[in-house]
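Pasting model.pdb here (PDB, C-alpha atoms, pLDDT in the B column):
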```pdb
ATOM      1  CA  VAL A   5     -11.198   6.164  -8.911  1.00 63.00           C
ATOM      2  CA  ARG A   6      -9.499   5.738  -5.537  1.00 68.00           C
ATOM      3  CA  ALA A   7      -7.281   2.891  -6.726  1.00 72.00           C
ATOM      4  CA  GLY A   8      -6.215   4.991  -9.697  1.00 75.00           C
ATOM      5  CA  PHE A   9      -5.446   7.926  -7.403  1.00 76.00           C
ATOM      6  CA  TRP A  10      -3.162   5.955  -5.097  1.00 74.00           C
ATOM      7  CA  ALA A  11      -1.558   4.129  -8.030  1.00 81.00           C
ATOM      8  CA  LEU A  12      -0.787   7.497  -9.606  1.00 83.00           C
ATOM      9  CA  GLY A  13       0.537   8.701  -6.244  1.00 80.00           C
ATOM     10  CA  VAL A  14       2.842   5.678  -5.977  1.00 82.00           C
ATOM     11  CA  VAL A  15       4.165   6.098  -9.518  1.00 85.00           C
ATOM     12  CA  LEU A  16       4.659   9.856  -9.099  1.00 88.00           C
ATOM     13  CA  ALA A  17       6.444   9.336  -5.765  1.00 85.00           C
ATOM     14  CA  LEU A  18       8.747   6.740  -7.311  1.00 85.00           C
ATOM     15  CA  VAL A  19       9.558   8.908 -10.308  1.00 87.00           C
ATOM     16  CA  VAL A  20      10.482  11.849  -8.082  1.00 87.00           C
ATOM     17  CA  GLN A  21      12.368   9.561  -5.701  1.00 85.00           C
ATOM     18  CA  VAL A  22      14.606   8.009  -8.355  1.00 85.00           C
ATOM     19  CA  THR A  23      15.050  11.018 -10.655  1.00 87.00           C
ATOM     20  CA  VAL A  24      15.019  14.258  -8.651  1.00 84.00           C
ATOM     21  CA  LEU A  25      15.914  13.325  -5.076  1.00 81.00           C
ATOM     22  CA  PRO A  26      19.274  11.645  -5.821  1.00 81.00           C
ATOM     23  CA  HIS A  27      20.576  15.145  -6.558  1.00 85.00           C
ATOM     24  CA  LEU A  28      19.707  16.113  -2.966  1.00 83.00           C
ATOM     25  CA  ALA A  29      20.946  12.916  -1.319  1.00 78.00           C
ATOM     26  CA  VAL A  30      22.660  12.965   2.064  1.00 81.00           C
ATOM     27  CA  SER A  31      25.390  10.294   2.174  1.00 81.00           C
ATOM     28  CA  GLY A  32      23.650   8.551  -0.708  1.00 81.00           C
ATOM     29  CA  VAL A  33      20.285   8.398   1.110  1.00 85.00           C
ATOM     30  CA  VAL A  34      17.094  10.061  -0.167  1.00 88.00           C
ATOM     31  CA  PRO A  35      13.659  10.472   1.424  1.00 89.00           C
ATOM     32  CA  ASN A  36      11.429   7.489   0.710  1.00 91.00           C
ATOM     33  CA  LEU A  37       8.367   9.074  -0.892  1.00 91.00           C
ATOM     34  CA  ALA A  38       6.890   5.670  -1.752  1.00 92.00           C
ATOM     35  CA  LEU A  39       6.915   4.899   1.968  1.00 93.00           C
ATOM     36  CA  LEU A  40       5.004   8.114   2.678  1.00 92.00           C
ATOM     37  CA  VAL A  41       2.308   7.189   0.148  1.00 92.00           C
ATOM     38  CA  VAL A  42       1.921   3.783   1.830  1.00 93.00           C
ATOM     39  CA  VAL A  43       1.743   5.413   5.283  1.00 93.00           C
ATOM     40  CA  ALA A  44      -0.882   7.893   4.079  1.00 91.00           C
ATOM     41  CA  LEU A  45      -2.955   5.108   2.545  1.00 90.00           C
ATOM     42  CA  ALA A  46      -2.653   2.991   5.702  1.00 91.00           C
ATOM     43  CA  LEU A  47      -3.834   5.896   7.848  1.00 89.00           C
ATOM     44  CA  ALA A  48      -6.691   6.785   5.519  1.00 86.00           C
ATOM     45  CA  ARG A  49      -7.908   3.357   4.375  1.00 87.00           C
ATOM     46  CA  GLY A  50      -6.480   0.674   6.648  1.00 89.00           C
ATOM     47  CA  PRO A  51      -4.053  -2.209   6.273  1.00 93.00           C
ATOM     48  CA  GLU A  52      -5.395  -4.078   3.234  1.00 93.00           C
ATOM     49  CA  PRO A  53      -5.149  -1.299   0.624  1.00 91.00           C
ATOM     50  CA  ALA A  54      -1.876  -0.130   2.178  1.00 92.00           C
ATOM     51  CA  MET A  55      -0.360  -3.617   1.975  1.00 95.00           C
ATOM     52  CA  ILE A  56      -1.314  -3.885  -1.702  1.00 93.00           C
ATOM     53  CA  ALA A  57       0.117  -0.434  -2.397  1.00 92.00           C
ATOM     54  CA  GLY A  58       3.200  -1.302  -0.337  1.00 94.00           C
ATOM     55  CA  PHE A  59       3.814  -4.453  -2.332  1.00 95.00           C
ATOM     56  CA  LEU A  60       3.440  -2.689  -5.684  1.00 93.00           C
ATOM     57  CA  ALA A  61       5.470   0.359  -4.617  1.00 92.00           C
ATOM     58  CA  GLY A  62       8.166  -1.835  -3.110  1.00 93.00           C
ATOM     59  CA  LEU A  63       8.370  -4.033  -6.177  1.00 92.00           C
ATOM     60  CA  LEU A  64       8.675  -1.005  -8.436  1.00 91.00           C
ATOM     61  CA  LEU A  65      11.314   0.427  -6.116  1.00 89.00           C
ATOM     62  CA  ASP A  66      13.162  -2.906  -6.178  1.00 88.00           C
ATOM     63  CA  LEU A  67      13.202  -2.864  -9.977  1.00 88.00           C
ATOM     64  CA  ALA A  68      13.825   0.854 -10.581  1.00 82.00           C
ATOM     65  CA  PRO A  69      17.325   1.794 -11.635  1.00 78.00           C
ATOM     66  CA  PRO A  70      19.890   1.965 -10.106  1.00 71.00           C
ATOM     67  CA  ALA A  71      18.675  -0.986  -7.992  1.00 71.00           C
ATOM     68  CA  ALA A  72      21.643  -3.172  -7.093  1.00 69.00           C
ATOM     69  CA  HIS A  73      19.961  -5.495  -4.604  1.00 75.00           C
ATOM     70  CA  LEU A  74      17.806  -8.598  -4.651  1.00 78.00           C
ATOM     71  CA  ALA A  75      14.263  -7.826  -5.766  1.00 80.00           C
ATOM     72  CA  GLY A  76      11.600  -8.153  -3.111  1.00 86.00           C
ATOM     73  CA  ARG A  77      13.362  -6.521  -0.177  1.00 89.00           C
ATOM     74  CA  TRP A  78      11.599  -3.160  -0.486  1.00 91.00           C
ATOM     75  CA  ALA A  79       8.333  -4.932  -1.306  1.00 94.00           C
ATOM     76  CA  LEU A  80       8.536  -6.875   1.963  1.00 95.00           C
ATOM     77  CA  ALA A  81       9.478  -3.742   3.916  1.00 95.00           C
ATOM     78  CA  LEU A  82       6.600  -1.655   2.544  1.00 96.00           C
ATOM     79  CA  VAL A  83       4.051  -4.457   3.007  1.00 97.00           C
ATOM     80  CA  ALA A  84       5.142  -4.611   6.658  1.00 97.00           C
ATOM     81  CA  VAL A  85       4.704  -0.837   6.964  1.00 96.00           C
ATOM     82  CA  GLY A  86       1.235  -0.974   5.386  1.00 95.00           C
ATOM     83  CA  PHE A  87       0.181  -3.709   7.785  1.00 96.00           C
ATOM     84  CA  VAL A  88       1.646  -2.187  10.951  1.00 95.00           C
ATOM     85  CA  VAL A  89       0.517   1.400  10.337  1.00 93.00           C
ATOM     86  CA  GLY A  90      -2.913   0.333   9.071  1.00 92.00           C
ATOM     87  CA  THR A  91      -3.420  -1.955  12.067  1.00 91.00           C
ATOM     88  CA  MET A  92      -2.125   0.688  14.487  1.00 86.00           C
ATOM     89  CA  ARG A  93      -4.630   3.135  13.107  1.00 78.00           C
ATOM     90  CA  GLY A  94      -7.409   0.624  13.741  1.00 69.00           C
ATOM     91  CA  SER A  95     -10.994   1.752  13.454  1.00 62.00           C
ATOM     92  CA  THR A  96     -10.356   5.286  14.704  1.00 62.00           C
ATOM     93  CA  ARG A  97     -10.849   7.675  11.831  1.00 64.00           C
ATOM     94  CA  ALA A  98     -10.394  10.980  13.665  1.00 67.00           C
ATOM     95  CA  PRO A  99      -7.820  13.194  11.956  1.00 71.00           C
ATOM     96  CA  LEU A 100      -4.325  12.941  13.405  1.00 76.00           C
ATOM     97  CA  SER A 101      -2.337  15.994  14.382  1.00 79.00           C
ATOM     98  CA  ARG A 102       0.636  17.041  12.278  1.00 81.00           C
ATOM     99  CA  ALA A 103       2.969  15.843  15.051  1.00 85.00           C
ATOM    100  CA  ALA A 104       1.265  12.425  15.182  1.00 85.00           C
ATOM    101  CA  LEU A 105       1.467  12.076  11.397  1.00 85.00           C
ATOM    102  CA  THR A 106       5.150  12.952  11.415  1.00 87.00           C
ATOM    103  CA  LEU A 107       5.918  10.579  14.297  1.00 89.00           C
ATOM    104  CA  THR A 108       4.057   7.782  12.506  1.00 90.00           C
ATOM    105  CA  ALA A 109       6.095   8.411   9.362  1.00 91.00           C
ATOM    106  CA  VAL A 110       9.373   8.321  11.308  1.00 91.00           C
ATOM    107  CA  LEU A 111       8.438   5.040  13.002  1.00 93.00           C
ATOM    108  CA  ALA A 112       7.386   3.613   9.626  1.00 94.00           C
ATOM    109  CA  SER A 113      10.696   4.749   8.144  1.00 93.00           C
ATOM    110  CA  LEU A 114      12.617   3.032  10.929  1.00 92.00           C
ATOM    111  CA  LEU A 115      10.596  -0.145  10.386  1.00 94.00           C
ATOM    112  CA  ALA A 116      10.955  -0.169   6.591  1.00 94.00           C
ATOM    113  CA  THR A 117      14.648   0.644   6.526  1.00 91.00           C
ATOM    114  CA  SER A 118      15.363  -1.881   9.264  1.00 91.00           C
ATOM    115  CA  VAL A 119      13.467  -4.653   7.453  1.00 92.00           C
ATOM    116  CA  TYR A 120      15.292  -3.759   4.242  1.00 89.00           C
ATOM    117  CA  ALA A 121      18.694  -3.790   5.984  1.00 86.00           C
ATOM    118  CA  LEU A 122      18.005  -6.999   7.934  1.00 88.00           C
ATOM    119  CA  THR A 123      16.880  -8.869   4.835  1.00 88.00           C
ATOM    120  CA  GLY A 124      20.056  -7.696   3.139  1.00 86.00           C
ATOM    121  CA  LEU A 125      22.133  -9.064   6.003  1.00 84.00           C
ATOM    122  CA  LEU A 126      20.242 -12.367   6.025  1.00 86.00           C
ATOM    123  CA  LEU A 127      20.519 -12.803   2.277  1.00 85.00           C
ATOM    124  CA  GLY A 128      24.149 -11.699   2.096  1.00 81.00           C
ATOM    125  CA  ASP A 129      23.134  -8.846  -0.188  1.00 72.00           C
ATOM    126  CA  LEU A 130      25.017  -6.093   1.654  1.00 66.00           C
ATOM    127  CA  ALA A 131      28.666  -5.197   1.602  1.00 63.00           C
ATOM    128  CA  ALA A 132      28.260  -2.684   4.438  1.00 65.00           C
ATOM    129  CA  GLY A 133      28.673  -3.516   8.098  1.00 70.00           C
ATOM    130  CA  VAL A 134      26.214  -2.961  10.920  1.00 74.00           C
ATOM    131  CA  PRO A 135      27.582   0.492  11.922  1.00 77.00           C
ATOM    132  CA  ASP A 136      27.137   1.690   8.334  1.00 80.00           C
ATOM    133  CA  LEU A 137      23.593   0.294   8.265  1.00 81.00           C
ATOM    134  CA  LEU A 138      22.718   2.071  11.516  1.00 85.00           C
ATOM    135  CA  ALA A 139      23.951   5.357  10.050  1.00 86.00           C
ATOM    136  CA  VAL A 140      21.835   4.836   6.922  1.00 85.00           C
ATOM    137  CA  ILE A 141      18.760   4.013   9.043  1.00 87.00           C
ATOM    138  CA  ALA A 142      19.258   7.200  11.093  1.00 90.00           C
ATOM    139  CA  ILE A 143      19.770   9.423   8.025  1.00 91.00           C
ATOM    140  CA  SER A 144      16.773   7.838   6.323  1.00 88.00           C
ATOM    141  CA  ALA A 145      14.554   8.472   9.354  1.00 90.00           C
ATOM    142  CA  LEU A 146      15.654  12.110   9.494  1.00 91.00           C
ATOM    143  CA  LEU A 147      15.043  12.697   5.781  1.00 90.00           C
ATOM    144  CA  ASP A 148      11.668  10.929   5.944  1.00 89.00           C
ATOM    145  CA  LEU A 149      10.775  13.114   8.945  1.00 90.00           C
ATOM    146  CA  LEU A 150      11.429  16.250   6.910  1.00 88.00           C
ATOM    147  CA  ALA A 151       9.553  14.945   3.876  1.00 89.00           C
ATOM    148  CA  ALA A 152       6.640  13.720   6.002  1.00 89.00           C
ATOM    149  CA  ALA A 153       6.216  17.130   7.629  1.00 86.00           C
ATOM    150  CA  LEU A 154       5.771  18.638   4.164  1.00 86.00           C
ATOM    151  CA  VAL A 155       3.849  15.937   2.308  1.00 83.00           C
ATOM    152  CA  LEU A 156       1.922  13.684   4.693  1.00 82.00           C
ATOM    153  CA  PRO A 157      -0.784  16.070   6.030  1.00 78.00           C
ATOM    154  CA  ARG A 158      -1.902  16.968   2.495  1.00 76.00           C
ATOM    155  CA  LEU A 159      -1.697  13.398   1.258  1.00 75.00           C
ATOM    156  CA  THR A 160      -3.712  11.886   4.114  1.00 74.00           C
ATOM    157  CA  GLY A 161      -6.258  14.650   3.795  1.00 65.00           C
ATOM    158  CA  SER A 162      -6.797  13.963   0.100  1.00 61.00           C
ATOM    159  CA  LEU A 163      -7.015  10.188   0.667  1.00 57.00           C
ATOM    160  CA  SER A 164      -9.509  10.599   3.511  1.00 55.00           C
ATOM    161  CA  ARG A 165     -12.051  12.541   1.473  1.00 53.00           C
ATOM    162  CA  PRO A 166     -15.185  10.599   0.570  1.00 53.00           C
ATOM    163  CA  ALA A 167     -15.417   9.312  -2.984  1.00 51.00           C
ATOM    164  CA  PRO A 168     -17.504  11.373  -5.423  1.00 50.00           C
ATOM    165  CA  PRO A 169     -20.900   9.896  -6.337  1.00 51.00           C
ATOM    166  CA  PRO A 170     -20.922   7.730  -9.494  1.00 53.00           C
TER     167      PRO A 170
END
```
I'd like the structure from this file rewritten - as structure tokens, please.
Amino acid sequence: VRAGFWALGVVLALVVQVTVLPHLAVSGVVPNLALLVVVALALARGPEPAMIAGFLAGLLLDLAPPAAHLAGRWALALVAVGFVVGTMRGSTRAPLSRAALTLTAVLASLLATSVYALTGLLLGDLAAGVPDLLAVIAISALLDLLAAALVLPRLTGSLSRPAPPP
């Protein structure tokens, strides 16, 4: 049941991200809802489920139109986020404040977008220069901050609930 819930969350986030949010883009950048699902899962369940979700979400994001980059870059970035956030959370399961959730999402956004941009530079997959990449990373962090403030508290709360009895 839980795996189906987060898989549905990933698919729903990706559908909204690639269909609705491009109409609200700022300089061509949209909030990364798939990232927020991975962060919520990492905070609620730890690194292993978050890394699996990050890989699947990233791969779907890599393949979703209008993808014009080498496949695997978002998958790597979201696996890294799942690992880092899940490991940071550790064994403490006390609920985080709204400010802590939002800060975690911003740091995860900076990590994911930086990994994505750096892999693009290393693979020669980007036509933009470093100043353009820094602007995209900053805009992405700001948009993810706004989206996280709205979405993340509810999402982590629903993922943290105990599973219903069989």
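Compared by their closest atoms to Val20 in chain A, and using all atoms listed in the file, the residues A:Ala81, A:Leu65, A:Val42, A:Leu114 rank with A:Leu65 nearest.
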Set up a box along x, y and z of the file covering all listed atoms of range 31-42 of chain A, add 3 Å on every one of the six sides, and write the centre and edge lengths in Å to one decimal, as AutoDock Vina command-line options.
```
--center_x 13.7 --center_y 7.1 --center_z 0.5 --size_x 29.5 --size_y 12.7 --size_z 10.4
```
Report as CSV the residues of range 107-127 of chain A within 10 Å of range 132-137 of chain A, each with its shortest atom pair and distance in Å (one decimal), using only C-alpha atoms, ordered by chain and increasing residue number.
```
residue,atom,partner,partner_atom,distance
A:Thr117,CA,A:Leu137,CA,9.1
A:Ser118,CA,A:Leu137,CA,8.6
A:Ala121,CA,A:Leu137,CA,6.8
A:Leu122,CA,A:Leu137,CA,9.2
A:Gly124,CA,A:Ala132,CA,9.7
A:Leu125,CA,A:Gly133,CA,8.8
```
Go ahead and dump the residues you just picked, C-alpha atoms, as a PDB file, in the frame of the given file.
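To be explicit, this is the file written out as out.pdb:
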```pdb
ATOM      1  CA  THR A 117      14.648   0.644   6.526  1.00 91.00           C
ATOM      2  CA  SER A 118      15.363  -1.881   9.264  1.00 91.00           C
ATOM      3  CA  ALA A 121      18.694  -3.790   5.984  1.00 86.00           C
ATOM      4  CA  LEU A 122      18.005  -6.999   7.934  1.00 88.00           C
ATOM      5  CA  GLY A 124      20.056  -7.696   3.139  1.00 86.00           C
ATOM      6  CA  LEU A 125      22.133  -9.064   6.003  1.00 84.00           C
TER       7      LEU A 125
END
```
Output of the PyMOL selection byres ((chain A and resi 105) around 10), listed as a PDB file with C-alpha atoms, in the frame of the given file:
```pdb
ATOM      1  CA  VAL A  43       1.743   5.413   5.283  1.00 93.00           C
ATOM      2  CA  ALA A  44      -0.882   7.893   4.079  1.00 91.00           C
ATOM      3  CA  LEU A  47      -3.834   5.896   7.848  1.00 89.00           C
ATOM      4  CA  PRO A  99      -7.820  13.194  11.956  1.00 71.00           C
ATOM      5  CA  LEU A 100      -4.325  12.941  13.405  1.00 76.00           C
ATOM      6  CA  SER A 101      -2.337  15.994  14.382  1.00 79.00           C
ATOM      7  CA  ARG A 102       0.636  17.041  12.278  1.00 81.00           C
ATOM      8  CA  ALA A 103       2.969  15.843  15.051  1.00 85.00           C
ATOM      9  CA  ALA A 104       1.265  12.425  15.182  1.00 85.00           C
ATOM     10  CA  THR A 106       5.150  12.952  11.415  1.00 87.00           C
ATOM     11  CA  LEU A 107       5.918  10.579  14.297  1.00 89.00           C
ATOM     12  CA  THR A 108       4.057   7.782  12.506  1.00 90.00           C
ATOM     13  CA  ALA A 109       6.095   8.411   9.362  1.00 91.00           C
ATOM     14  CA  VAL A 110       9.373   8.321  11.308  1.00 91.00           C
ATOM     15  CA  LEU A 149      10.775  13.114   8.945  1.00 90.00           C
ATOM     16  CA  ALA A 152       6.640  13.720   6.002  1.00 89.00           C
ATOM     17  CA  ALA A 153       6.216  17.130   7.629  1.00 86.00           C
ATOM     18  CA  LEU A 156       1.922  13.684   4.693  1.00 82.00           C
ATOM     19  CA  PRO A 157      -0.784  16.070   6.030  1.00 78.00           C
ATOM     20  CA  THR A 160      -3.712  11.886   4.114  1.00 74.00           C
TER      21      THR A 160
END
```
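As for CA of Ser144 in chain A and CA of Gly8 in chain A, they are spaced 28.2 Å apart.
Shortest separation to Ala7 in chain A among A:Leu45, A:Ile143, A:Leu82, A:Leu111 occurs at residue A:Leu45, atoms counted being all atoms listed in the file.
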